$ cat structure.cif   # mmCIF, C-alpha atoms
data_data
#
loop_
_atom_site.label_atom_id
_atom_site.label_comp_id
_atom_site.auth_asym_id
_atom_site.auth_seq_id
_atom_site.Cartn_x
_atom_site.Cartn_y
_atom_site.Cartn_z
CA MET A 1 0.00 0.00 0.00
CA LEU A 2 1.11 3.58 -0.60
CA PHE A 3 1.96 5.59 2.52
CA THR A 4 3.14 9.14 3.24
CA LEU A 5 4.62 10.01 6.60
CA GLY A 6 6.58 12.98 7.87
CA ILE A 7 6.52 16.39 9.51
CA ASN A 8 6.09 19.88 8.10
CA HIS A 9 5.68 23.52 9.09
CA HIS A 10 2.04 22.84 10.05
CA SER A 11 2.86 20.01 12.44
CA ALA A 12 6.32 20.71 13.87
CA PRO A 13 8.48 23.66 15.00
CA LEU A 14 11.78 24.43 13.31
CA ALA A 15 13.74 22.81 16.16
CA ILE A 16 12.17 19.44 15.30
CA ARG A 17 12.19 19.90 11.51
CA GLU A 18 15.91 20.55 11.41
CA ARG A 19 16.62 17.37 13.41
CA VAL A 20 14.96 15.10 10.85
CA ALA A 21 16.09 16.88 7.70
CA PHE A 22 18.10 15.00 5.05
CA GLY A 23 20.96 16.90 3.44
CA ALA A 24 21.27 16.57 -0.35
CA ASP A 25 24.69 14.93 0.07
CA LYS A 26 23.24 12.16 2.29
CA LEU A 27 19.91 11.61 0.56
CA GLN A 28 20.88 8.67 -1.65
CA HIS A 29 22.61 6.90 1.24
CA ALA A 30 19.45 7.36 3.34
CA LEU A 31 17.26 6.05 0.51
CA ALA A 32 19.38 2.93 0.15
CA ALA A 33 19.22 2.30 3.90
CA LEU A 34 15.46 2.82 3.92
CA ALA A 35 14.89 0.48 0.96
CA ALA A 36 16.87 -2.21 2.79
CA THR A 37 14.36 -2.11 5.63
CA GLN A 38 12.13 -5.19 5.73
CA GLY A 39 8.64 -4.60 4.35
CA VAL A 40 9.60 -1.52 2.28
CA GLY A 41 9.16 -1.99 -1.46
CA GLU A 42 9.59 1.53 -2.84
CA ALA A 43 10.68 4.84 -1.27
CA ALA A 44 11.27 8.52 -2.00
CA ILE A 45 12.30 11.24 0.46
CA LEU A 46 11.32 14.91 0.13
CA SER A 47 13.33 17.14 2.48
CA THR A 48 13.08 20.95 2.42
CA CYS A 49 13.27 23.71 5.02
CA ASN A 50 9.53 23.30 5.62
CA ARG A 51 9.07 19.53 5.46
CA THR A 52 10.60 16.07 5.64
CA GLU A 53 8.34 13.46 4.08
CA ILE A 54 8.77 9.82 3.10
CA TYR A 55 6.63 8.43 0.30
CA CYS A 56 6.66 4.66 0.12
CA ALA A 57 5.01 1.46 -1.02
CA ALA A 58 5.17 -0.79 2.02
CA GLU A 59 3.29 -3.37 4.06
CA THR A 60 2.82 -0.98 7.02
CA PRO A 61 4.33 2.40 7.98
CA ASP A 62 5.59 1.15 11.35
CA ALA A 63 8.99 -0.05 10.13
CA ILE A 64 9.57 3.28 8.35
CA ILE A 65 8.70 5.29 11.45
CA ASP A 66 11.17 3.20 13.45
CA TRP A 67 13.83 3.68 10.76
CA LEU A 68 13.34 7.46 10.68
CA GLY A 69 13.87 7.72 14.44
CA ARG A 70 16.95 5.49 14.40
CA TYR A 71 18.49 7.25 11.40
CA HIS A 72 18.25 10.69 13.03
CA GLN A 73 18.75 9.44 16.57
CA ILE A 74 15.49 10.91 17.80
CA SER A 75 13.21 8.90 20.09
CA GLN A 76 9.70 7.87 19.09
CA GLU A 77 8.36 9.80 22.10
CA GLU A 78 9.90 13.02 20.78
CA LEU A 79 8.82 12.44 17.19
CA ALA A 80 5.31 11.07 17.66
CA PRO A 81 3.48 14.35 18.55
CA TYR A 82 4.62 15.96 15.29
CA LEU A 83 4.41 13.02 12.88
CA TYR A 84 1.55 12.46 10.45
CA VAL A 85 0.86 9.25 8.52
CA HIS A 86 -1.40 9.00 5.45
CA ASP A 87 -2.42 5.84 3.67
CA GLN A 88 -4.46 5.43 0.48
CA PRO A 89 -6.22 7.55 -0.69
CA ALA A 90 -5.01 10.30 1.69
CA ALA A 91 -1.36 9.64 0.71
CA ILE A 92 -2.21 10.19 -2.97
CA ARG A 93 -4.15 13.38 -2.24
CA HIS A 94 -1.30 14.69 -0.07
CA ALA A 95 1.27 14.09 -2.84
CA PHE A 96 -0.90 15.96 -5.34
CA ARG A 97 -1.50 18.88 -2.93
CA VAL A 98 2.21 19.19 -2.15
CA ALA A 99 3.14 19.26 -5.86
CA CYS A 100 0.49 21.94 -6.50
CA GLY A 101 1.77 24.15 -3.64
CA LEU A 102 -1.47 23.83 -1.63
CA ASP A 103 0.39 22.53 1.42
CA SER A 104 3.10 25.21 1.31
CA MET A 105 3.68 28.06 3.75
CA VAL A 106 2.86 30.44 0.87
CA ILE A 107 -0.11 28.83 -0.89
CA GLY A 108 0.56 28.21 -4.56
CA GLU A 109 4.31 28.90 -4.50
CA PRO A 110 6.01 27.17 -7.47
CA GLN A 111 9.38 26.28 -5.88
CA ILE A 112 8.03 23.12 -4.23
CA LEU A 113 7.37 21.45 -7.59
CA GLY A 114 11.06 21.65 -8.48
CA GLN A 115 11.98 20.28 -5.05
CA VAL A 116 9.61 17.32 -5.52
CA LYS A 117 11.13 16.61 -8.94
CA ASP A 118 14.62 16.63 -7.40
CA ALA A 119 13.46 14.17 -4.72
CA ILE A 120 12.01 11.80 -7.31
CA ARG A 121 15.14 12.04 -9.45
CA ALA A 122 17.28 11.07 -6.43
CA ALA A 123 15.04 8.06 -5.73
CA GLU A 124 15.20 7.01 -9.37
CA GLU A 125 19.00 7.25 -9.43
CA THR A 126 19.23 5.24 -6.19
CA GLY A 127 16.90 2.57 -7.54
CA THR A 128 14.20 2.96 -4.88
CA LEU A 129 11.51 4.35 -7.18
CA GLY A 130 9.23 1.51 -8.23
CA SER A 131 6.29 1.50 -10.63
CA ARG A 132 3.71 2.69 -8.08
CA LEU A 133 5.66 5.75 -6.88
CA HIS A 134 6.81 6.52 -10.41
CA LYS A 135 3.21 6.59 -11.61
CA LEU A 136 2.08 8.53 -8.53
CA PHE A 137 4.51 11.39 -9.10
CA GLN A 138 4.08 11.48 -12.86
CA ARG A 139 0.40 12.03 -12.10
CA ALA A 140 1.31 14.60 -9.41
CA PHE A 141 3.36 16.62 -11.91
CA SER A 142 0.52 16.42 -14.41
CA VAL A 143 -2.01 17.59 -11.80
CA ALA A 144 0.27 20.50 -10.80
CA LYS A 145 0.48 21.59 -14.44
CA GLU A 146 -3.29 21.34 -14.80
CA VAL A 147 -3.93 23.36 -11.64
CA ARG A 148 -1.52 26.11 -12.66
CA SER A 149 -2.87 26.34 -16.20
CA THR A 150 -6.59 26.28 -15.31
CA THR A 151 -6.72 28.22 -12.02
CA ALA A 152 -5.25 31.46 -10.69
CA ILE A 153 -3.40 29.66 -7.88
CA GLY A 154 -0.05 31.28 -8.72
CA ALA A 155 -1.25 34.51 -10.28
CA ASN A 156 -1.74 36.60 -7.15
CA ILE A 157 0.77 38.08 -4.71
CA VAL A 158 0.52 36.70 -1.18
CA SER A 159 3.68 37.89 0.58
CA MET A 160 5.16 41.27 1.50
CA ALA A 161 8.41 40.42 -0.29
CA ALA A 162 6.64 39.49 -3.52
CA ALA A 163 4.50 42.63 -3.28
CA GLY A 164 7.66 44.74 -3.01
CA VAL A 165 9.06 43.24 -6.20
CA HIS A 166 5.70 43.77 -7.92
CA LEU A 167 5.69 47.48 -7.02
CA ALA A 168 9.30 47.91 -8.11
CA GLU A 169 8.44 46.49 -11.52
CA ARG A 170 5.86 49.27 -11.90
CA ILE A 171 8.57 51.91 -11.47
CA PHE A 172 11.46 50.31 -13.37
CA ASP A 173 11.36 48.44 -16.66
CA SER A 174 13.69 45.82 -15.23
CA VAL A 175 14.73 45.14 -11.63
CA ALA A 176 17.79 43.38 -13.06
CA GLU A 177 19.21 46.76 -14.13
CA GLN A 178 18.91 48.34 -10.68
CA ARG A 179 21.13 48.67 -7.60
CA ILE A 180 19.41 47.53 -4.39
CA LEU A 181 20.14 48.49 -0.80
CA PHE A 182 18.69 46.38 2.05
CA ILE A 183 18.70 48.03 5.47
CA GLY A 184 18.64 45.55 8.37
CA ALA A 185 19.46 41.85 8.44
CA GLY A 186 16.42 40.25 10.07
CA GLU A 187 14.02 37.63 8.75
CA MET A 188 11.93 40.05 6.67
CA ILE A 189 14.97 41.56 4.97
CA GLU A 190 16.29 38.05 4.30
CA LEU A 191 12.99 37.12 2.64
CA CYS A 192 12.91 40.33 0.59
CA ALA A 193 16.51 39.80 -0.49
CA ALA A 194 15.62 36.32 -1.73
CA HIS A 195 12.76 37.69 -3.84
CA PHE A 196 14.59 40.72 -5.22
CA CYS A 197 17.83 38.86 -5.86
CA ALA A 198 15.95 36.25 -7.86
CA GLN A 199 15.69 39.04 -10.46
CA GLN A 200 19.52 39.20 -10.57
CA PRO A 201 19.96 42.94 -9.86
CA ARG A 202 23.10 44.79 -10.90
CA GLN A 203 24.28 45.42 -7.33
CA VAL A 204 23.25 44.35 -3.82
CA THR A 205 24.27 46.11 -0.59
CA ILE A 206 23.34 45.20 2.99
CA ALA A 207 23.43 47.95 5.63
CA ASN A 208 23.27 46.75 9.21
CA ARG A 209 24.17 47.94 12.69
CA THR A 210 26.64 45.06 13.11
CA ILE A 211 28.86 44.54 10.08
CA GLU A 212 29.34 40.82 10.86
CA ARG A 213 25.65 39.94 10.43
CA GLY A 214 25.40 42.20 7.38
CA SER A 215 28.44 40.55 5.79
CA GLU A 216 26.98 37.09 6.39
CA LEU A 217 23.77 38.01 4.59
CA ALA A 218 25.59 39.89 1.81
CA LYS A 219 27.75 36.84 1.12
CA ARG A 220 24.64 34.70 0.58
CA PHE A 221 23.29 37.06 -2.06
CA GLY A 222 26.53 38.05 -3.73
CA GLY A 223 26.60 41.57 -2.31
CA THR A 224 28.62 43.82 -0.02
CA ALA A 225 27.97 45.05 3.52
CA ILE A 226 28.15 48.53 5.06
CA ARG A 227 27.44 49.99 8.51
CA LEU A 228 24.29 52.02 9.18
CA ASP A 229 26.36 55.16 9.80
CA GLN A 230 27.57 54.91 6.17
CA LEU A 231 24.03 55.29 4.78
CA PRO A 232 24.23 59.01 3.85
CA GLU A 233 27.18 58.50 1.50
CA HIS A 234 25.87 55.27 -0.07
CA LEU A 235 22.15 56.06 -0.39
CA PRO A 236 22.47 58.01 -3.70
CA GLU A 237 24.14 54.98 -5.35
CA HIS A 238 21.01 52.84 -5.06
CA ASP A 239 17.78 52.79 -7.04
CA ILE A 240 15.79 50.49 -4.74
CA ILE A 241 15.89 50.68 -0.94
CA VAL A 242 14.18 48.10 1.29
CA SER A 243 14.31 48.82 5.01
CA CYS A 244 13.17 46.88 8.06
CA THR A 245 14.99 47.54 11.34
CA ALA A 246 13.94 47.65 14.98
CA SER A 247 14.94 51.29 15.39
CA PRO A 248 12.47 53.31 17.50
CA LEU A 249 13.17 56.40 15.39
CA PRO A 250 13.50 56.96 11.59
CA ILE A 251 17.01 56.22 10.31
CA ILE A 252 16.38 57.90 6.92
CA GLY A 253 15.20 61.48 7.28
CA LEU A 254 13.75 63.91 4.75
CA GLY A 255 17.06 65.76 4.41
CA MET A 256 19.04 62.56 3.65
CA VAL A 257 16.60 61.64 0.87
CA GLU A 258 16.63 65.18 -0.56
CA ARG A 259 20.41 65.12 -0.82
CA ALA A 260 20.34 61.65 -2.36
CA ILE A 261 17.84 62.70 -5.05
CA LYS A 262 19.91 65.77 -5.86
CA ALA A 263 23.07 63.66 -6.18
CA ARG A 264 21.16 61.26 -8.44
CA ARG A 265 20.09 64.17 -10.66
CA HIS A 266 16.48 63.27 -9.96
CA ARG A 267 16.61 59.72 -11.21
CA PRO A 268 13.70 57.92 -9.47
CA MET A 269 14.24 56.21 -6.14
CA PHE A 270 11.95 53.40 -4.97
CA ILE A 271 11.73 52.88 -1.19
CA VAL A 272 9.93 50.11 0.68
CA ASP A 273 9.65 50.74 4.43
CA LEU A 274 8.51 47.56 6.20
CA ALA A 275 9.47 48.71 9.70
CA VAL A 276 7.05 49.45 12.51
CA PRO A 277 7.78 52.14 13.75
CA ARG A 278 8.84 53.51 10.35
CA ASP A 279 12.46 53.67 9.25
CA VAL A 280 11.81 56.46 6.71
CA GLU A 281 10.26 59.83 7.53
CA GLN A 282 6.80 60.11 5.98
CA GLU A 283 7.58 63.47 4.35
CA ALA A 284 10.20 61.82 2.13
CA GLY A 285 7.39 60.23 0.13
CA GLU A 286 6.14 63.68 -0.91
CA LEU A 287 9.33 64.46 -2.84
CA ASP A 288 9.33 64.33 -6.61
CA ASP A 289 11.03 61.22 -8.00
CA VAL A 290 10.64 59.34 -4.67
CA PHE A 291 8.23 56.40 -4.53
CA LEU A 292 7.76 55.45 -0.87
CA TYR A 293 5.62 52.48 0.18
CA THR A 294 4.90 51.40 3.76
CA VAL A 295 3.92 48.05 5.26
CA ASP A 296 0.24 49.07 5.01
CA ASP A 297 0.56 49.76 1.27
CA LEU A 298 1.98 46.29 0.69
CA ALA A 299 -0.59 44.70 2.99
CA GLN A 300 -3.40 45.89 0.72
CA ILE A 301 -1.80 44.14 -2.27
CA VAL A 302 -1.26 40.96 -0.25
CA GLU A 303 -4.84 40.95 1.09
CA SER A 304 -6.25 41.24 -2.41
CA GLY A 305 -4.00 38.42 -3.58
CA VAL A 306 -4.97 36.12 -0.70
CA GLU A 307 -8.70 36.55 -1.43
CA SER A 308 -8.19 35.75 -5.12
CA ARG A 309 -5.94 32.81 -4.36
CA GLN A 310 -8.43 31.27 -1.91
CA ALA A 311 -10.99 31.07 -4.70
CA ALA A 312 -8.37 29.32 -6.83
CA VAL A 313 -7.65 26.87 -3.99
CA VAL A 314 -11.28 25.68 -4.08
CA GLU A 315 -10.94 25.02 -7.83
CA ALA A 316 -7.61 23.26 -7.32
CA GLU A 317 -9.02 21.00 -4.60
CA GLY A 318 -11.79 19.97 -6.98
CA ILE A 319 -9.29 19.01 -9.67
CA ILE A 320 -7.18 17.09 -7.16
CA GLY A 321 -10.20 15.16 -5.85
CA HIS A 322 -11.06 14.04 -9.38
CA ARG A 323 -7.48 13.01 -10.17
CA VAL A 324 -7.15 11.08 -6.88
CA HIS A 325 -10.23 9.06 -7.85
CA GLU A 326 -8.66 8.30 -11.25
CA PHE A 327 -5.39 7.19 -9.69
CA LEU A 328 -7.17 4.90 -7.24
CA GLY A 329 -8.86 3.34 -10.25
CA TRP A 330 -5.45 2.74 -11.82
CA LEU A 331 -4.17 1.10 -8.62
CA GLN A 332 -7.22 -1.15 -8.37
CA ALA A 333 -6.88 -2.18 -12.02
CA ARG A 334 -3.23 -2.93 -11.38
CA ASP A 335 -4.18 -5.23 -8.49
CA THR A 336 -6.22 -7.41 -10.88
CA VAL A 337 -3.29 -7.94 -13.26
CA PRO A 338 -1.90 -11.05 -11.45
CA VAL A 339 -5.36 -12.69 -11.48
CA ILE A 340 -5.86 -11.93 -15.17
CA ARG A 341 -2.39 -13.25 -15.96
CA ALA A 342 -3.05 -16.48 -13.98
CA LEU A 343 -6.40 -16.91 -15.74
CA ARG A 344 -4.83 -16.51 -19.17
CA ASP A 345 -1.95 -18.85 -18.27
CA ALA A 346 -4.41 -21.56 -17.20
CA ALA A 347 -6.43 -21.15 -20.41
CA GLU A 348 -3.26 -21.30 -22.50
CA ARG A 349 -2.14 -24.52 -20.83
CA SER A 350 -5.50 -26.11 -21.54
CA ARG A 351 -5.41 -24.90 -25.15
CA GLN A 352 -1.93 -26.30 -25.74
CA LEU A 353 -2.87 -29.72 -24.29
CA GLU A 354 -5.99 -30.00 -26.43
CA VAL A 355 -4.19 -28.84 -29.59
CA GLU A 356 -1.47 -31.47 -29.03
CA ARG A 357 -4.14 -34.16 -28.52
CA ALA A 358 -5.99 -33.07 -31.67
CA LEU A 359 -2.80 -33.09 -33.78
CA LYS A 360 -2.03 -36.67 -32.65
CA LEU A 361 -5.53 -37.80 -33.62
CA LEU A 362 -5.20 -36.15 -37.03
CA ALA A 363 -1.83 -37.84 -37.52
CA ARG A 364 -3.53 -41.21 -36.91
CA GLY A 365 -6.05 -40.47 -39.63
CA ALA A 366 -9.06 -39.48 -37.52
CA ASP A 367 -11.89 -37.57 -39.19
CA PRO A 368 -10.88 -33.84 -39.06
CA GLU A 369 -14.48 -32.70 -38.43
CA ASP A 370 -14.78 -35.05 -35.43
CA VAL A 371 -11.38 -33.92 -34.12
CA ILE A 372 -12.31 -30.23 -34.31
CA THR A 373 -15.68 -30.89 -32.65
CA GLN A 374 -14.06 -32.86 -29.83
CA LEU A 375 -11.35 -30.16 -29.46
CA SER A 376 -13.94 -27.44 -28.97
CA LEU A 377 -16.03 -29.52 -26.57
CA ARG A 378 -13.11 -30.61 -24.42
CA LEU A 379 -11.66 -27.07 -24.31
CA SER A 380 -14.96 -25.46 -23.32
CA ASN A 381 -15.55 -28.17 -20.67
CA LYS A 382 -12.09 -27.59 -19.19
CA LEU A 383 -12.50 -23.82 -19.09
CA LEU A 384 -15.96 -23.97 -17.55
CA HIS A 385 -15.43 -26.86 -15.13
CA ALA A 386 -13.90 -24.81 -12.26
CA PRO A 387 -16.47 -21.93 -12.26
CA SER A 388 -19.38 -24.39 -12.70
CA SER A 389 -18.17 -26.57 -9.83
CA THR A 390 -17.69 -23.54 -7.57
CA LEU A 391 -21.20 -22.25 -8.32
CA ASN A 392 -22.76 -25.67 -7.67
CA SER A 393 -20.99 -26.11 -4.33
CA ALA A 394 -21.75 -22.59 -3.04
CA ASP A 395 -24.79 -21.81 -0.92
CA GLY A 396 -26.74 -18.83 0.40
CA SER A 397 -25.24 -15.36 0.00
CA GLU A 398 -22.01 -16.76 -1.45
CA ARG A 399 -23.92 -18.38 -4.33
CA ALA A 400 -25.78 -15.12 -5.06
CA PHE A 401 -22.48 -13.21 -5.01
CA LEU A 402 -20.72 -15.72 -7.31
CA GLN A 403 -23.70 -15.90 -9.64
CA ALA A 404 -23.80 -12.12 -10.03
CA GLY A 405 -20.04 -12.13 -10.63
CA ALA A 406 -20.30 -14.86 -13.28
CA GLU A 407 -23.11 -13.04 -15.09
CA ARG A 408 -21.02 -9.87 -15.20
CA LEU A 409 -17.71 -11.56 -16.07
CA PHE A 410 -19.16 -13.61 -18.92
CA HIS A 411 -21.77 -11.05 -20.11
CA LEU A 412 -24.46 -13.71 -19.78
CA HIS A 413 -27.37 -11.32 -20.33
CA GLU A 414 -25.94 -9.74 -23.48
CA PRO A 415 -27.03 -11.61 -26.65
CA SER A 416 -24.01 -12.57 -28.71
CA ALA A 417 -23.65 -11.75 -32.37
CA ALA A 418 -23.49 -15.48 -33.12
CA GLY A 419 -26.73 -16.09 -31.22
CA LEU A 420 -28.49 -13.30 -33.10
CA ASN A 421 -27.33 -14.68 -36.44
CA PHE A 422 -28.48 -18.18 -35.42
CA LYS A 423 -31.93 -16.84 -34.55
CA ARG A 424 -32.14 -14.89 -37.83
CA ARG A 425 -31.20 -17.99 -39.85
CA ASN A 426 -33.77 -20.18 -38.11
CA SER A 427 -36.56 -17.57 -38.27
CA SER A 428 -36.14 -16.82 -41.98
CA PRO A 429 -38.96 -18.11 -44.26
CA ARG A 430 -38.19 -21.34 -46.04
#

$ encode --input "structure.cif" --output "structure tokens"
Amino acid sequence: MLFTLGINHHSAPLAIRERVAFGADKLQHALAALAATQGVGEAAILSTCNRTEIYCAAETPDAIIDWLGRYHQISQEELAPYLYVHDQPAAIRHAFRVACGLDSMVIGEPQILGQVKDAIRAAEETGTLGSRLHKLFQRAFSVAKEVRSTTAIGANIVSMAAAGVHLAERIFDSVAEQRILFIGAGEMIELCAAHFCAQQPRQVTIANRTIERGSELAKRFGGTAIRLDQLPEHLPEHDIIVSCTASPLPIIGLGMVERAIKARRHRPMFIVDLAVPRDVEQEAGELDDVFLYTVDDLAQIVESGVESRQAAVVEAEGIIGHRVHEFLGWLQARDTVPVIRALRDAAERSRQLEVERALKLLARGADPEDVITQLSLRLSNKLLHAPSSTLNSADGSERAFLQAGAERLFHLHEPSAAGLNFKRRNSSPR
């Protein structure tokens, strides 16, 4: 059976998530160790900053839960409160929702799809991706494409950082051509830097009270670091300024911005002030060529995006529900394959035996018409003996169940073409 088990940002704090994360360099080794666990047939591991999940085809999830605890040296008592386990069809639905971004911290974000593809590629290279998981994730990728192409799940802005980039694109033709200054080095600035730097700007500078923290962040994004007291001399060099500090008073006053605009010869300056209290004096936004946006301005864009995206989520869930039903149908059909194969093998053995017997009779000079008649009779008797015997020996509800199954399997209430032709021939006027 297919299972999904793991923890994510909904179920576990960061302190737990980081303890059960799998580094990219150790993922294939972990997959091989997991696949060697008794009762595990197929396995894939998805490990990101927000989730660690194991997708598997296994007898039960118990052995995998034990393995996860042993591998990361975390006790079951510590892990249990944060761990979720899904079996069919919930495991299928969960895989589809994850691929579509519906289970992400930012609903509809596209990065998770690439992370899922990387996880499946690693499982394939390690040899732990069997036919069930392969089919599951091919369907998941197809569902994600369908959701993104038929709903507005990814079309609306739902984070402050993304809203900042959106506003900047209204002012400048290309963010990639601009120089960006980030003031502060906290979580919000880190998130904004990730969004803005994805546009590959010409220059990135981090201004922070402590140069060490600023340098650490600047190194991650390929920029340079300066101290806050260096702002007046560096401000004119930058086209986009994003500020979010814990200062109780503005750190960028009206006069500093006026001098910067004059030094820039009135080239536009775009400022996003995400701090509360504000980092930039309100009056600076009244200057010509200065475009100042506060946290409230961005919140309006985000709120509008969230409302639109929630409507898209309802559509996406409908698509996923339909595709889960289809995939369950595929799994059920797959489960009948061994029975169909055994049935065909038995029929083929009977056919071969009767053909050999008929050929021997023909070689002895027997009448061909009699041989063919006997061949057909013996073959039909052999094929029908087992189901007829089972029906005759059954009683009560079992007989009714088997009888209904036989009628459906052999289409007993559908007149055959041969029967119709026979009736037509015998009813025609002489």

$ atom_distance --input "structure.cif" --atom1 "CA of Ile183 in chain A" --atom2 "CA of Glu303 in chain A"
25.0 Å

$ closest_residue --input "structure.cif" --among "A:Arg323, A:Arg209, A:His411, A:Arg309" --to "Arg97 in chain A" --atoms "all atoms listed in the file"
A:Arg323

$ residues_near_point --input "structure.cif" --point "(-6.3, -34.2, -38.0)" --cutoff "10 Å" --atoms "only C-alpha atoms" --output "PyMOL selection string"
chain A and resi 357-372

$ write_last_selection --input "structure.cif" --atoms "C-alpha atoms" --output "PDB file, in the coordinates of the input"
ATOM      1  CA  ARG A 357      -4.140 -34.160 -28.520  1.00  0.00           C
ATOM      2  CA  ALA A 358      -5.990 -33.070 -31.670  1.00  0.00           C
ATOM      3  CA  LEU A 359      -2.800 -33.090 -33.780  1.00  0.00           C
ATOM      4  CA  LYS A 360      -2.030 -36.670 -32.650  1.00  0.00           C
ATOM      5  CA  LEU A 361      -5.530 -37.800 -33.620  1.00  0.00           C
ATOM      6  CA  LEU A 362      -5.200 -36.150 -37.030  1.00  0.00           C
ATOM      7  CA  ALA A 363      -1.830 -37.840 -37.520  1.00  0.00           C
ATOM      8  CA  ARG A 364      -3.530 -41.210 -36.910  1.00  0.00           C
ATOM      9  CA  GLY A 365      -6.050 -40.470 -39.630  1.00  0.00           C
ATOM     10  CA  ALA A 366      -9.060 -39.480 -37.520  1.00  0.00           C
ATOM     11  CA  ASP A 367     -11.890 -37.570 -39.190  1.00  0.00           C
ATOM     12  CA  PRO A 368     -10.880 -33.840 -39.060  1.00  0.00           C
ATOM     13  CA  GLU A 369     -14.480 -32.700 -38.430  1.00  0.00           C
ATOM     14  CA  ASP A 370     -14.780 -35.050 -35.430  1.00  0.00           C
ATOM     15  CA  VAL A 371     -11.380 -33.920 -34.120  1.00  0.00           C
ATOM     16  CA  ILE A 372     -12.310 -30.230 -34.310  1.00  0.00           C
TER      17      ILE A 372
END

$ atom_distance --input "structure.cif" --atom1 "CA of Pro13 in chain A" --atom2 "CA of Val85 in chain A"
17.5 Å

$ residues_around --input "structure.cif" --residues "Ala63 in chain A" --least-positions-apart "5" --cutoff "12 Å" --atoms "all atoms listed in the file" --output "number ranges by chain"
A: 3, 5, 34-41, 56-58, 68-70, 76

$ resolve_selection --input "structure.cif" --expression "the PyMOL selection byres ((chain A and resi 132) around 8)" --output "JSON, numbers by chain"
{"A": [2, 42, 57, 130, 131, 133, 134, 135, 136]}

$ closest_residue --input "structure.cif" --among "A:Gly222, A:Gly154, A:Pro110, A:Phe270" --to "Ala168 in chain A" --atoms "only C-alpha atoms"
A:Phe270

$ resolve_selection --input "structure.cif" --expression "the PyMOL selection byres ((chain A and resi 105) around 12)" --output "mmCIF file with C-alpha atoms, in the frame of the given file"
data_model
loop_
_atom_site.group_PDB
_atom_site.id
_atom_site.type_symbol
_atom_site.label_atom_id
_atom_site.label_comp_id
_atom_site.auth_asym_id
_atom_site.auth_seq_id
_atom_site.Cartn_x
_atom_site.Cartn_y
_atom_site.Cartn_z
ATOM 1 C CA ASN A 8 6.090 19.880 8.100
ATOM 2 C CA HIS A 9 5.680 23.520 9.090
ATOM 3 C CA HIS A 10 2.040 22.840 10.050
ATOM 4 C CA SER A 11 2.860 20.010 12.440
ATOM 5 C CA THR A 48 13.080 20.950 2.420
ATOM 6 C CA CYS A 49 13.270 23.710 5.020
ATOM 7 C CA ASN A 50 9.530 23.300 5.620
ATOM 8 C CA ARG A 51 9.070 19.530 5.460
ATOM 9 C CA VAL A 98 2.210 19.190 -2.150
ATOM 10 C CA GLY A 101 1.770 24.150 -3.640
ATOM 11 C CA LEU A 102 -1.470 23.830 -1.630
ATOM 12 C CA ASP A 103 0.390 22.530 1.420
ATOM 13 C CA SER A 104 3.100 25.210 1.310
ATOM 14 C CA VAL A 106 2.860 30.440 0.870
ATOM 15 C CA ILE A 107 -0.110 28.830 -0.890
ATOM 16 C CA GLY A 108 0.560 28.210 -4.560
ATOM 17 C CA GLU A 109 4.310 28.900 -4.500
ATOM 18 C CA PRO A 110 6.010 27.170 -7.470
ATOM 19 C CA GLN A 111 9.380 26.280 -5.880
ATOM 20 C CA ILE A 112 8.030 23.120 -4.230
ATOM 21 C CA VAL A 158 0.520 36.700 -1.180
ATOM 22 C CA SER A 159 3.680 37.890 0.580
#

$ resolve_selection --input "structure.cif" --expression "the PyMOL selection byres ((chain A and resi 81) around 12)" --output "ChimeraX atom specification"
/A:6-7,11-13,16,75-80,82-85

$ write_last_selection --input "structure.cif" --atoms "C-alpha atoms" --output "mmCIF file, in the frame of the given file"
data_model
loop_
_atom_site.group_PDB
_atom_site.id
_atom_site.type_symbol
_atom_site.label_atom_id
_atom_site.label_comp_id
_atom_site.auth_asym_id
_atom_site.auth_seq_id
_atom_site.Cartn_x
_atom_site.Cartn_y
_atom_site.Cartn_z
ATOM 1 C CA GLY A 6 6.580 12.980 7.870
ATOM 2 C CA ILE A 7 6.520 16.390 9.510
ATOM 3 C CA SER A 11 2.860 20.010 12.440
ATOM 4 C CA ALA A 12 6.320 20.710 13.870
ATOM 5 C CA PRO A 13 8.480 23.660 15.000
ATOM 6 C CA ILE A 16 12.170 19.440 15.300
ATOM 7 C CA SER A 75 13.210 8.900 20.090
ATOM 8 C CA GLN A 76 9.700 7.870 19.090
ATOM 9 C CA GLU A 77 8.360 9.800 22.100
ATOM 10 C CA GLU A 78 9.900 13.020 20.780
ATOM 11 C CA LEU A 79 8.820 12.440 17.190
ATOM 12 C CA ALA A 80 5.310 11.070 17.660
ATOM 13 C CA TYR A 82 4.620 15.960 15.290
ATOM 14 C CA LEU A 83 4.410 13.020 12.880
ATOM 15 C CA TYR A 84 1.550 12.460 10.450
ATOM 16 C CA VAL A 85 0.860 9.250 8.520
#

$ atom_distance --input "structure.cif" --atom1 "CA of Ile206 in chain A" --atom2 "CA of Arg265 in chain A"
23.6 Å

$ closest_residue --input "structure.cif" --among "A:Ile226, A:Thr245, A:Ala263, A:Glu348" --to "Gly186 in chain A" --atoms "only C-alpha atoms"
A:Thr245

$ residues_around --input "structure.cif" --residues "Tyr55 in chain A" --least-positions-apart "4" --cutoff "6 Å" --atoms "all atoms listed in the file" --output "CSV table (one decimal) with C-alpha atoms, in the frame of the given file"
chain,number,residue,atom,x,y,z
A,3,PHE,CA,2.0,5.6,2.5
A,4,THR,CA,3.1,9.1,3.2
A,43,ALA,CA,10.7,4.8,-1.3
A,44,ALA,CA,11.3,8.5,-2.0
